[in-house]
Structure formats: structure tokens, C-alpha cells
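Input: a single structure, listed below in C-alpha cells.
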Amino acid sequence: MRIECPQCGARDVREFTYLGAAVLADRPDADATTEAWQDYVHLRDNPAGPHDELWHHAMGCSAWLRVRRNTLTHEILTVTMAQEDRT
Amino acid sequence: MGYSGFKVFWEGLRGNTGWKPVWRDPAPKPHYDVIIIGGGGHGLTTAYYLAKNHGITNVAVLERGYLGGGNVGRNTTIVRANYLLPGNSEFYSHSLKLWEGMEQELNYNTMMSQRGVLNLAHSDGQMDAFARRGNQMLIQGDDAELLDADGVRAHAPFLNFKSQRFPIRGGLLHRRGGTARHDAVAWGYARGADRMGVDLIQNCEVTGFRIENGKVRGVETSRGYIGAGKVGMAVAGRTGQVAAMAGLRLPIESHVLQAFVSEGLKPIIPGVVTFGMGHFYISQSDKGGLVFGGDLDFYNSYAARGNLPMLEHVMEAGMAMVPMIGNARMLRGWGGIMDMSMDGSPIIDRTPIDGLFLNGGWCYGGFKATPGSGWCFAHLLATGEYHKAATRFRLNRFETGHVLDEEGTGARPNKH
């Protein structure tokens, strides 16, 4: 797998560290309900197909990336900066 | 048709013309007391023990492909009961006892071979951790021996005892652990279940659930609607997807785990050896191939194949600890899909939908659990009570904080 980092270009997957589903970027407020936190920490859609996820370009520019990737084929569909994506 | 040495001899004399199909190929009936989704190891053992232990024989096992064609036919065949935490410990202990009696129980040669599982330790801290784990195994009534470096050398002299980075300090040897013939386990239980009247229905994909007023009534399949009193899911890496058809979101992610096999060699590896610090484990099959693997690829996947970086990592770790394998040629590798749970431990429980039960989240440890999983899932399906060896595999344990996080890595499925 190669991931097209918006800052560095296409790089080998060895340069990146996987965190998990992109929902991890949408952290509930500290006083949110237990259900909201349970949902955030533990429950996942786990799709077979396009999946939004967070990758860290640890061995490159150190950016956090939001990657849309097909879990059936490992095809990388889109890559954006995780920070930009949030604003 | 019972199997025996005499039967094999007799068939040999008459050109093996007397063997018959081992199970029927029935069409689905309109309604069953219990439907099990998934004709793999766990689904087949569940059906077997529903019939055997509870007398429930109006049971169908629905399999999308062919029996035993999923993870039960694609794993590295290791059987062990060396867990630390209460909850896991009693369960795997129960399962190992079932392994020990399996061949007599099934009249089927599953080639269960208790050749030992050795975990290597490389530091004082790891030796202390293994001493603690070994004591827990002894308390559970299983076996454990803490070996020093000489003990490891006597057991596995081919290891790299000169490693500077990972010097071998000792290891934890679990002699009752070992390997089994994975396909035969599926076939043996399938034959046993079929003989008691269970319908094993292949090429029958579940495409949806019929749920009325919060109760499951049956399943839609590629071979039509089939009604059921109760439905149990035992679909390994597809747990998230099948459950989603019932509107459930689970504490599970699907990940890919790779494994590799070398050409056939004379016996050189005495049991299972794990080099956990390097993410490597190895054993040798009865056919002679070295069977080895490492960690997950770390990202969500349903692709049933991995990527090169983990393959290289496994080979490097193998060369670091078992240098002689460099003389063998690797024949093949493959990737299996694991339903990795948020704490690394399985789920055997009801779901919020009445009559729908879940058996999943086995991570990469489902094979050794096969008989115990079926035993305890059948108990839950038949009696509505949790079996005493599986009281803590609850679906709501993440919410209540009663997680079984054997590795202590938190809610990160790829870290377990």
C-alpha cells in the first residue's frame, strides 16, 4: 500500500502508523452521556468497503491524515489533512 | 459409518470403494428451533453440542460457502490454555479438556498433538510476568513450567542463544498445548452433528434478519426465508457485517492476520515456539511444513490478504530467533480476517434483539477455543443461562468496565 500524503506525495505504508476509524477525531464533550462515550470508545461501523480512518505520517512530515480506504481491496480513495477536515 | 484401523485396512483391500459422503446435503426446511449462521469451527461445534448435550436436533447450520472453508481451515492450528485473566482462564482450560477427549468423542482423527507451547522470555520483567502467568495457569488446574535458559536450550537447541538484543533468559512451557489438524476438527464435528440430525446447509448466505417487535423470527437467505425460534451468529471475521444486518453496532473491527508455510522438512521443531518480543511464532505441521506467523497488519481489512511490510517483519523476526529457517523456502502465505474486539477477548452473549445470540470477537485465538466455544454457546442457546466457563464474555462489559484486556492495551483492536 502507498498513501498519497498531501504534503509529501505518495509514500510507502511503512512510513505511516495506523490509529483507527476516523470517528476517533470526533471526541464527545467531557460531560457527554455514558452512551455517547461508549459509542465513541468502543462501537464501530466496521464496513467492508470504503472506510474513513486516521493515519499518522510518523516517518515523514508527522501530519495526521484522514484516509478513505477500501477495506476489501486496500485501495486508497482519498487522503486529506485530518486537521483541515475538522474545520 | 464408524472409523477404525480395521475399516481403513478393509477399504484398502477393496480399492476404497466403500467410503460414502460423510454428511447429508439437505434442502432447508421452512423452520428450525435453532439456526446457527456460520459453518465454521464454532458454528459446527455449537450445533454438535446443542444436539449432544441438550437434545436439540431441529437445528440448521447455514454456511455461505462450504463447511470449514473459513478461518477454521486457514489458521496456524495452535491449541493452548495459557491465559492470565479470570474469565479467559477457566474458559480456555475447559476448551483444552475438550480437545483432549475430542478424537474419542467424535470417532474422528483430529490429529491432536500435545507437543507443547513454549513462550520465550528475554528480560527479568518478562520472567516475572511469565512466573505470574504460570502460577495462574496452575491455579486454574492446567500445567505450566518456568524454564531457565538451559531448560529452553534442552527443549529447543536451534534457537539463537547469542542474540544481543533479545537474549533468551528462559521461557514458559505449557506441555498440554500443541497443534491439531484444523480441517479435521471441522469435518469431525460436522459429521457428528449431521449424524444427530442437524441440517448442514452449504451455499446458503444469510442476507437479512426478519425481526418483529424486537424478536427475531428467522433469516432471509440466498435459498429463501427460513424461520427460527432462536438464531446464533458464529461468523468470525464477518461478525460486524452480519450483525449490522440486524441493526447492531459492535465493539469489533475486522483485521487481517498473515501466516506462512515452508516446504516440507524432516521433524526439526519440537512444538510451538513463540518469540513474542519479535512478533513471531512457529511450529511444524505433521506434513513437515514450518508454519509461522506474526502480528496483525494493524489496519482494518476484509481483503483476506496482507501487505509486504508485515511479511518482511515476520521473516526478519524469524531469522533473528530461529536462524536455521533461512535454509528453508517459503511456499505460501495467506491472510485471514479476524474479528478483533475492543479488549482482545471474545463475546458469547445475547444481543438486544430477543432470540438473537452472538458468538464472536475471537481475535486471532479462535481455533483453540473451537470446542469450548461451541459447548458454551450451545449452553446459552439451549438454557438461556451462561455456562460457568463463559460468564464474563458479555457484550455489555465494555459499557460497564468489566473488560478482559489480557494485553492491557486499551480499546485498540489492532494492539491486542
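The way I read the labels, and the way they are meant: chains A, B, ... in the order of the C-alpha cells, residue 1 as the first residue of every chain, and ligand 1 as the first ligand shown, with later ones counted on from there.
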
Can you pull out the residues contacting Ala243 in chain B? Cut-off 9 Å, using only C-alpha atoms, and skip same-chain residues under 6 positions away; I want them as a count of residues only. 4

Requested in this report: Determine, counting only C-alpha atoms, which protein, DNA and RNA residues have an atom within 12 Å of an atom of Thr57 in chain B; residues of the same chain fewer than 5 positions away are not included. Present the result as a ChimeraX atom specification.
Outcome: /B:32-35,46-52,192-200,378,382

To one decimal place, how far is CA of Trp55 in chain A from CA of Thr80 in chain A in Å?
->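 Going from CA of Trp55 in chain A over to CA of Thr80 in chain A, I get 10.4 Å.
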
| message | So that I can check the surroundings of Gly2 in chain B, please list as a ChimeraX atom specification every protein, DNA and RNA residue that reaches within 12 Å of it, counting only C-alpha atoms and ignoring chain neighbours fewer than 4 positions away. | response | /B:6-8,19-20,22,104-109,188,191-192,195

Writer output for current selection, N, CA and C atoms, as a tab-separated table (two decimals), in the first residue's frame:
```tsv
chain	number	residue	atom	x	y	z
B	6	PHE	N	-9.25	-51.07	11.42
B	6	PHE	CA	-9.69	-52.21	10.62
B	6	PHE	C	-10.41	-51.75	9.36
B	7	LYS	N	-11.25	-50.71	9.54
B	7	LYS	CA	-12.04	-50.18	8.41
B	7	LYS	C	-11.10	-49.65	7.31
B	8	VAL	N	-10.06	-48.94	7.73
B	8	VAL	CA	-9.09	-48.40	6.76
B	8	VAL	C	-8.42	-49.56	6.01
B	19	TRP	N	-16.30	-46.11	0.85
B	19	TRP	CA	-16.48	-44.84	1.58
B	19	TRP	C	-17.67	-44.09	1.01
B	20	LYS	N	-18.43	-43.47	1.89
B	20	LYS	CA	-19.62	-42.72	1.46
B	20	LYS	C	-19.49	-41.28	1.92
B	22	VAL	N	-19.80	-38.10	4.01
B	22	VAL	CA	-19.79	-38.14	5.46
B	22	VAL	C	-21.00	-37.41	6.06
B	104	GLN	N	-11.87	-39.34	20.67
B	104	GLN	CA	-12.74	-40.42	21.15
B	104	GLN	C	-14.19	-39.99	21.05
B	105	GLU	N	-14.45	-38.74	21.41
B	105	GLU	CA	-15.81	-38.22	21.37
B	105	GLU	C	-16.39	-38.29	19.95
B	106	LEU	N	-15.58	-37.94	18.97
B	106	LEU	CA	-16.07	-37.82	17.59
B	106	LEU	C	-15.85	-39.06	16.75
B	107	ASN	N	-15.05	-40.01	17.25
B	107	ASN	CA	-14.59	-41.13	16.42
B	107	ASN	C	-13.97	-40.57	15.14
B	108	TYR	N	-13.10	-39.58	15.31
B	108	TYR	CA	-12.52	-38.91	14.15
B	108	TYR	C	-11.11	-38.48	14.52
B	109	ASN	N	-10.17	-38.73	13.63
B	109	ASN	CA	-8.78	-38.40	13.92
B	109	ASN	C	-8.51	-36.92	13.65
B	188	GLY	N	-14.91	-33.40	11.59
B	188	GLY	CA	-15.34	-34.31	12.66
B	188	GLY	C	-16.61	-33.84	13.33
B	191	ARG	N	-19.61	-34.08	10.88
B	191	ARG	CA	-20.11	-35.46	10.78
B	191	ARG	C	-20.92	-35.83	12.02
B	192	GLY	N	-20.39	-35.43	13.18
B	192	GLY	CA	-21.09	-35.74	14.43
B	192	GLY	C	-22.44	-35.06	14.50
B	195	ARG	N	-24.99	-36.62	12.03
B	195	ARG	CA	-25.48	-37.92	12.49
B	195	ARG	C	-26.59	-37.79	13.52
```

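Here the helix (DSSP H, G or I) residues in chain A, by DSSP on the backbone, are Val13, Arg14, Glu15, Ala22, Val23, Leu24, Ala25, Thr34, Glu35, Ala36, Trp37, Gln38, Asp39, Tyr40, Val41, His42, Ala82, Gln83, Glu84, Asp85 and Arg86 of chain A.
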
Report task. Determine which residues of chain A sit within 6 Å of chain B, taking into account only C-alpha atoms, and present them as a list in words. Result -> Gln38, His42, Leu43, Asn46, Thr71, Leu72 and Thr73 of chain A
